[in-house]
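Here the structure comes first, spelled out in structure tokens, and everything after it is commentary.
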Amino acid sequence: MTSPASSSDLFPARITMFGAAWCGDCRRSKALLDRRGVDYDYVDLETVVDGADRSKAISGRTRIPVVVFPDGTHFTEPTDAELGAKLDEALAA
């Protein structure tokens with residue numbers, strides 16, 4: 001059973017990405033965040049014991065990456081265009 005998402009997972013202080021090194025979409029999204037110089041937290045599902053449960057509690061799915069924003073929105077498996085547009089929106093706010 002998946003534990004409920006904590007408020008710090010749903011509304012993180014800064015962008016948080018749940019992912020794993022073996023996941024191509026995770027590597028792509030992480031590279032985009034790094035290229036853009038985004039200050040974010042990375043939860044490695046291979047090393048953080050409850051990382052997968054936390055990720056699933058946020059998205060309702062087992063797909064990764066899950067990228068969570070401080071405003072409480074999140075993306076599951078975002079395209080570079082979706083993630084880039086959200087970053088632009090967050091910077092403009």
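Lettering and numbering for the structure tokens are positional, with chains as A, B, ... in the shown order, residues counted from 1 in each chain, and ligands counted from 1 in the shown order.
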
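By only C-alpha atoms, and with residues fewer than 4 positions from A:Glu46 along its chain excluded, the set lying at most 10 Å from it is A:Gly19, A:Ala20, A:Ala21, A:Trp22, A:Asp50, A:Gly51, A:Ala52.
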
* **Contacts of stretch 26-30 of chain A within 8 Å, only C-alpha atoms, excl. fewer than 5 positions in-chain, as JSON, numbers by chain** => {"A": [17, 19, 20, 21, 64, 65, 77, 78, 79, 80, 83]}

Suppose we keep all heavy atoms; can you now write the selection as an mmCIF file, in the first residue's frame?
```
data_model
loop_
_atom_site.group_PDB
_atom_site.id
_atom_site.type_symbol
_atom_site.label_atom_id
_atom_site.label_comp_id
_atom_site.auth_asym_id
_atom_site.auth_seq_id
_atom_site.Cartn_x
_atom_site.Cartn_y
_atom_site.Cartn_z
ATOM 1 N N MET A 17 12.446 16.519 -8.197
ATOM 2 C CA MET A 17 12.290 15.513 -9.246
ATOM 3 C C MET A 17 12.545 14.134 -8.668
ATOM 4 O O MET A 17 13.550 13.907 -7.999
ATOM 5 C CB MET A 17 13.274 15.772 -10.388
ATOM 6 C CG MET A 17 13.177 14.739 -11.492
ATOM 7 S SD MET A 17 14.371 15.059 -12.798
ATOM 8 C CE MET A 17 14.559 13.404 -13.436
ATOM 9 N N GLY A 19 13.260 10.332 -9.721
ATOM 10 C CA GLY A 19 13.713 9.626 -10.907
ATOM 11 C C GLY A 19 14.727 8.553 -10.587
ATOM 12 O O GLY A 19 15.020 8.270 -9.422
ATOM 13 N N ALA A 20 15.277 7.961 -11.645
ATOM 14 C CA ALA A 20 16.277 6.901 -11.513
ATOM 15 C C ALA A 20 17.222 6.965 -12.707
ATOM 16 O O ALA A 20 16.820 7.350 -13.808
ATOM 17 C CB ALA A 20 15.600 5.533 -11.457
ATOM 18 N N ALA A 21 18.463 6.564 -12.482
ATOM 19 C CA ALA A 21 19.491 6.639 -13.519
ATOM 20 C C ALA A 21 19.169 5.764 -14.732
ATOM 21 O O ALA A 21 19.544 6.096 -15.850
ATOM 22 C CB ALA A 21 20.848 6.253 -12.940
ATOM 23 N N ILE A 64 7.857 7.432 -14.133
ATOM 24 C CA ILE A 64 8.785 8.483 -13.734
ATOM 25 C C ILE A 64 9.401 9.084 -14.995
ATOM 26 O O ILE A 64 9.356 8.449 -16.044
ATOM 27 C CB ILE A 64 9.885 7.958 -12.782
ATOM 28 C CG1 ILE A 64 10.588 6.733 -13.376
ATOM 29 C CG2 ILE A 64 9.309 7.680 -11.413
ATOM 30 C CD1 ILE A 64 11.770 6.226 -12.564
ATOM 31 N N PRO A 65 9.933 10.287 -14.904
ATOM 32 C CA PRO A 65 10.098 11.108 -13.719
ATOM 33 C C PRO A 65 8.791 11.775 -13.298
ATOM 34 O O PRO A 65 7.876 11.968 -14.100
ATOM 35 C CB PRO A 65 11.111 12.169 -14.154
ATOM 36 C CG PRO A 65 10.837 12.341 -15.621
ATOM 37 C CD PRO A 65 10.484 10.947 -16.107
ATOM 38 N N GLU A 77 6.394 12.205 -16.467
ATOM 39 C CA GLU A 77 6.998 12.001 -17.782
ATOM 40 C C GLU A 77 6.808 13.221 -18.695
ATOM 41 O O GLU A 77 6.321 13.093 -19.810
ATOM 42 C CB GLU A 77 6.408 10.777 -18.469
ATOM 43 C CG GLU A 77 6.727 9.471 -17.803
ATOM 44 C CD GLU A 77 6.174 8.294 -18.572
ATOM 45 O OE1 GLU A 77 4.946 8.210 -18.748
ATOM 46 O OE2 GLU A 77 6.980 7.460 -19.006
ATOM 47 N N PRO A 78 7.222 14.410 -18.252
ATOM 48 C CA PRO A 78 7.015 15.587 -19.106
ATOM 49 C C PRO A 78 7.926 15.576 -20.330
ATOM 50 O O PRO A 78 9.034 15.039 -20.290
ATOM 51 C CB PRO A 78 7.397 16.750 -18.187
ATOM 52 C CG PRO A 78 8.420 16.163 -17.262
ATOM 53 C CD PRO A 78 7.938 14.746 -17.025
ATOM 54 N N THR A 79 7.427 16.181 -21.408
ATOM 55 C CA THR A 79 8.294 16.416 -22.552
ATOM 56 C C THR A 79 9.191 17.602 -22.196
ATOM 57 O O THR A 79 8.899 18.355 -21.255
ATOM 58 C CB THR A 79 7.483 16.767 -23.805
ATOM 59 O OG1 THR A 79 6.806 18.016 -23.588
ATOM 60 C CG2 THR A 79 6.474 15.670 -24.158
ATOM 61 N N ASP A 80 10.257 17.796 -22.960
ATOM 62 C CA ASP A 80 11.109 18.957 -22.729
ATOM 63 C C ASP A 80 10.315 20.251 -22.918
ATOM 64 O O ASP A 80 10.512 21.213 -22.176
ATOM 65 C CB ASP A 80 12.316 18.944 -23.667
ATOM 66 C CG ASP A 80 13.392 17.948 -23.234
ATOM 67 O OD1 ASP A 80 13.277 17.373 -22.132
ATOM 68 O OD2 ASP A 80 14.351 17.758 -24.010
ATOM 69 N N LEU A 83 8.077 20.793 -19.757
ATOM 70 C CA LEU A 83 8.883 21.160 -18.604
ATOM 71 C C LEU A 83 9.479 22.556 -18.787
ATOM 72 O O LEU A 83 9.463 23.377 -17.866
ATOM 73 C CB LEU A 83 9.980 20.117 -18.377
ATOM 74 C CG LEU A 83 10.832 20.253 -17.126
ATOM 75 C CD1 LEU A 83 9.973 20.346 -15.868
ATOM 76 C CD2 LEU A 83 11.806 19.080 -17.027
#
```

Contact residues around A:Asp39 with only C-alpha atoms at 12 Å, ignoring same-chain residues under 3 positions, as a PDB file with N, CA and C atoms, in the first residue's frame:
```
ATOM      1  N   ALA A  13       9.592  23.118  -1.093  1.00  0.00           N
ATOM      2  CA  ALA A  13      10.171  24.468  -1.031  1.00  0.00           C
ATOM      3  C   ALA A  13      10.798  24.851  -2.366  1.00  0.00           C
ATOM      4  N   ARG A  14      11.301  23.856  -3.084  1.00  0.00           N
ATOM      5  CA  ARG A  14      11.833  24.098  -4.424  1.00  0.00           C
ATOM      6  C   ARG A  14      11.473  22.905  -5.294  1.00  0.00           C
ATOM      7  N   ILE A  15      11.702  23.021  -6.587  1.00  0.00           N
ATOM      8  CA  ILE A  15      11.354  21.949  -7.514  1.00  0.00           C
ATOM      9  C   ILE A  15      12.000  20.645  -7.039  1.00  0.00           C
ATOM     10  N   THR A  16      11.229  19.574  -7.100  1.00  0.00           N
ATOM     11  CA  THR A  16      11.715  18.257  -6.711  1.00  0.00           C
ATOM     12  C   THR A  16      11.434  17.286  -7.849  1.00  0.00           C
ATOM     13  N   MET A  17      12.446  16.519  -8.197  1.00  0.00           N
ATOM     14  CA  MET A  17      12.290  15.513  -9.246  1.00  0.00           C
ATOM     15  C   MET A  17      12.545  14.134  -8.668  1.00  0.00           C
ATOM     16  N   LYS A  30      16.296  15.616 -16.201  1.00  0.00           N
ATOM     17  CA  LYS A  30      17.371  16.079 -15.308  1.00  0.00           C
ATOM     18  C   LYS A  30      18.359  16.940 -16.085  1.00  0.00           C
ATOM     19  N   LEU A  32      17.731  18.744 -18.722  1.00  0.00           N
ATOM     20  CA  LEU A  32      17.082  20.025 -19.001  1.00  0.00           C
ATOM     21  C   LEU A  32      17.160  20.937 -17.777  1.00  0.00           C
ATOM     22  N   LEU A  33      16.847  20.401 -16.607  1.00  0.00           N
ATOM     23  CA  LEU A  33      16.931  21.198 -15.382  1.00  0.00           C
ATOM     24  C   LEU A  33      18.364  21.691 -15.164  1.00  0.00           C
ATOM     25  N   ASP A  34      19.333  20.811 -15.392  1.00  0.00           N
ATOM     26  CA  ASP A  34      20.739  21.181 -15.211  1.00  0.00           C
ATOM     27  C   ASP A  34      21.165  22.251 -16.220  1.00  0.00           C
ATOM     28  N   ARG A  35      20.780  22.085 -17.488  1.00  0.00           N
ATOM     29  CA  ARG A  35      21.130  23.074 -18.523  1.00  0.00           C
ATOM     30  C   ARG A  35      20.559  24.452 -18.199  1.00  0.00           C
ATOM     31  N   ARG A  36      19.358  24.450 -17.620  1.00  0.00           N
ATOM     32  CA  ARG A  36      18.693  25.716 -17.299  1.00  0.00           C
ATOM     33  C   ARG A  36      19.182  26.299 -15.972  1.00  0.00           C
ATOM     34  N   TYR A  42      16.725  16.264  -6.065  1.00  0.00           N
ATOM     35  CA  TYR A  42      16.581  15.037  -6.834  1.00  0.00           C
ATOM     36  C   TYR A  42      16.412  13.879  -5.868  1.00  0.00           C
ATOM     37  N   PHE A  69       6.437  20.994  -8.413  1.00  0.00           N
ATOM     38  CA  PHE A  69       6.754  22.414  -8.279  1.00  0.00           C
ATOM     39  C   PHE A  69       6.218  22.962  -6.964  1.00  0.00           C
ATOM     40  N   LEU A  87       8.873  25.864 -16.450  1.00  0.00           N
ATOM     41  CA  LEU A  87      10.005  26.590 -15.853  1.00  0.00           C
ATOM     42  C   LEU A  87       9.930  28.065 -16.219  1.00  0.00           C
ATOM     43  N   LEU A  91       9.522  31.135 -13.531  1.00  0.00           N
ATOM     44  CA  LEU A  91      10.484  32.225 -13.473  1.00  0.00           C
ATOM     45  C   LEU A  91       9.795  33.573 -13.646  1.00  0.00           C
TER      46      LEU A  91
END
```

* To do: Assign secondary structure with DSSP using the backbone only, and return the residues of chain A in strand (DSSP E) as a list of chain:residue names.
  => A:Thr16, A:Met17, A:Phe18, A:Gly19, A:Asp41, A:Tyr42, A:Val43, A:Asp44, A:Val66, A:Val67, A:Val68, A:His74, A:Phe75, A:Thr76

Quick one: which stretch 4-34 of chain A residues come within 12 Å of stretch 58-62 of chain A, and what is the nearest atom pair for each with the distance in Å to one decimal, counting only C-alpha atoms, rows ordered by chain and ascending number, as JSON lines?
```
{"residue": "A:Pro4", "atom": "CA", "partner": "A:Ile58", "partner_atom": "CA", "distance": 8.1}
{"residue": "A:Ala5", "atom": "CA", "partner": "A:Ile58", "partner_atom": "CA", "distance": 5.9}
{"residue": "A:Ser6", "atom": "CA", "partner": "A:Ile58", "partner_atom": "CA", "distance": 8.9}
{"residue": "A:Ser7", "atom": "CA", "partner": "A:Ile58", "partner_atom": "CA", "distance": 10.1}
{"residue": "A:Ser8", "atom": "CA", "partner": "A:Ile58", "partner_atom": "CA", "distance": 10.9}
{"residue": "A:Asp9", "atom": "CA", "partner": "A:Ile58", "partner_atom": "CA", "distance": 7.4}
{"residue": "A:Leu10", "atom": "CA", "partner": "A:Ile58", "partner_atom": "CA", "distance": 6.6}
{"residue": "A:Phe11", "atom": "CA", "partner": "A:Ile58", "partner_atom": "CA", "distance": 10.2}
{"residue": "A:Pro12", "atom": "CA", "partner": "A:Ile58", "partner_atom": "CA", "distance": 11.6}
{"residue": "A:Thr16", "atom": "CA", "partner": "A:Ile58", "partner_atom": "CA", "distance": 11.4}
{"residue": "A:Met17", "atom": "CA", "partner": "A:Ile58", "partner_atom": "CA", "distance": 11.3}
{"residue": "A:Phe18", "atom": "CA", "partner": "A:Ile58", "partner_atom": "CA", "distance": 10.2}
{"residue": "A:Gly19", "atom": "CA", "partner": "A:Thr62", "partner_atom": "CA", "distance": 10.8}
```

With all heavy atoms retained, write the just-selected residues as a tab-separated table (two decimals), in the first residue's frame.
```tsv
chain	number	residue	atom	x	y	z
A	4	PRO	N	0.35	8.03	2.00
A	4	PRO	CA	-0.07	9.31	1.44
A	4	PRO	C	1.11	10.26	1.29
A	4	PRO	O	2.09	10.17	2.03
A	4	PRO	CB	-1.07	9.85	2.47
A	4	PRO	CG	-0.78	9.11	3.73
A	4	PRO	CD	-0.17	7.80	3.33
A	5	ALA	N	1.00	11.14	0.31
A	5	ALA	CA	2.07	12.11	0.08
A	5	ALA	C	2.06	13.13	1.20
A	5	ALA	O	1.01	13.59	1.64
A	5	ALA	CB	1.88	12.80	-1.27
A	6	SER	N	3.25	13.49	1.67
A	6	SER	CA	3.34	14.51	2.71
A	6	SER	C	3.18	15.88	2.08
A	6	SER	O	3.36	16.05	0.88
A	6	SER	CB	4.69	14.41	3.42
A	6	SER	OG	5.73	14.84	2.56
A	7	SER	N	2.85	16.87	2.90
A	7	SER	CA	2.69	18.22	2.36
A	7	SER	C	4.01	18.74	1.80
A	7	SER	O	4.02	19.50	0.84
A	7	SER	CB	2.13	19.17	3.42
A	7	SER	OG	3.02	19.27	4.51
A	8	SER	N	5.15	18.29	2.35
A	8	SER	CA	6.43	18.73	1.81
A	8	SER	C	6.70	18.11	0.44
A	8	SER	O	7.41	18.69	-0.36
A	8	SER	CB	7.57	18.44	2.78
A	8	SER	OG	7.70	17.05	2.97
A	9	ASP	N	6.11	16.95	0.16
A	9	ASP	CA	6.23	16.36	-1.18
A	9	ASP	C	5.29	17.05	-2.16
A	9	ASP	O	5.62	17.24	-3.32
A	9	ASP	CB	5.94	14.86	-1.16
A	9	ASP	CG	7.11	14.02	-0.66
A	9	ASP	OD1	8.25	14.54	-0.61
A	9	ASP	OD2	6.87	12.86	-0.30
A	10	LEU	N	4.08	17.39	-1.70
A	10	LEU	CA	3.08	18.00	-2.58
A	10	LEU	C	3.36	19.47	-2.85
A	10	LEU	O	3.03	19.98	-3.92
A	10	LEU	CB	1.68	17.85	-1.97
A	10	LEU	CG	1.16	16.42	-1.85
A	10	LEU	CD1	-0.14	16.39	-1.07
A	10	LEU	CD2	0.98	15.80	-3.24
A	11	PHE	N	3.95	20.16	-1.89
A	11	PHE	CA	4.28	21.58	-2.01
A	11	PHE	C	5.72	21.80	-1.55
A	11	PHE	O	5.96	22.39	-0.50
A	11	PHE	CB	3.32	22.45	-1.18
A	11	PHE	CG	1.90	22.38	-1.64
A	11	PHE	CD1	1.00	21.49	-1.07
A	11	PHE	CD2	1.45	23.21	-2.66
A	11	PHE	CE1	-0.31	21.41	-1.49
A	11	PHE	CE2	0.13	23.15	-3.09
A	11	PHE	CZ	-0.76	22.25	-2.51
A	12	PRO	N	6.69	21.31	-2.33
A	12	PRO	CA	8.09	21.41	-1.90
A	12	PRO	C	8.57	22.86	-1.89
A	12	PRO	O	8.04	23.72	-2.59
A	12	PRO	CB	8.83	20.59	-2.95
A	12	PRO	CG	7.97	20.68	-4.17
A	12	PRO	CD	6.55	20.72	-3.65
A	16	THR	N	11.23	19.57	-7.10
A	16	THR	CA	11.71	18.26	-6.71
A	16	THR	C	11.43	17.29	-7.85
A	16	THR	O	10.33	17.25	-8.38
A	16	THR	CB	11.02	17.77	-5.43
A	16	THR	OG1	11.28	18.71	-4.37
A	16	THR	CG2	11.54	16.40	-5.01
A	17	MET	N	12.45	16.52	-8.20
A	17	MET	CA	12.29	15.51	-9.25
A	17	MET	C	12.54	14.13	-8.67
A	17	MET	O	13.55	13.91	-8.00
A	17	MET	CB	13.27	15.77	-10.39
A	17	MET	CG	13.18	14.74	-11.49
A	17	MET	SD	14.37	15.06	-12.80
A	17	MET	CE	14.56	13.40	-13.44
A	18	PHE	N	11.61	13.23	-8.90
A	18	PHE	CA	11.74	11.83	-8.53
A	18	PHE	C	12.15	11.07	-9.78
A	18	PHE	O	11.46	11.16	-10.81
A	18	PHE	CB	10.41	11.27	-8.01
A	18	PHE	CG	9.96	11.88	-6.71
A	18	PHE	CD1	9.30	13.10	-6.69
A	18	PHE	CD2	10.18	11.23	-5.52
A	18	PHE	CE1	8.88	13.67	-5.50
A	18	PHE	CE2	9.76	11.78	-4.31
A	18	PHE	CZ	9.11	13.00	-4.30
A	19	GLY	N	13.26	10.33	-9.72
A	19	GLY	CA	13.71	9.63	-10.91
A	19	GLY	C	14.73	8.55	-10.59
A	19	GLY	O	15.02	8.27	-9.42
```

* To do: Could you tell me, as a count of residues only, which residues of chain A DSSP assigns to alpha helix (DSSP H) when given the backbone?
  => 38

* What is the atom CA of A:Glu89 to atom CA of A:Arg54 distance in Å? -> 25.3 Å

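Atom pair atom CA of A:Cys23 / atom CA of A:His74: separated by 18.0 Å.
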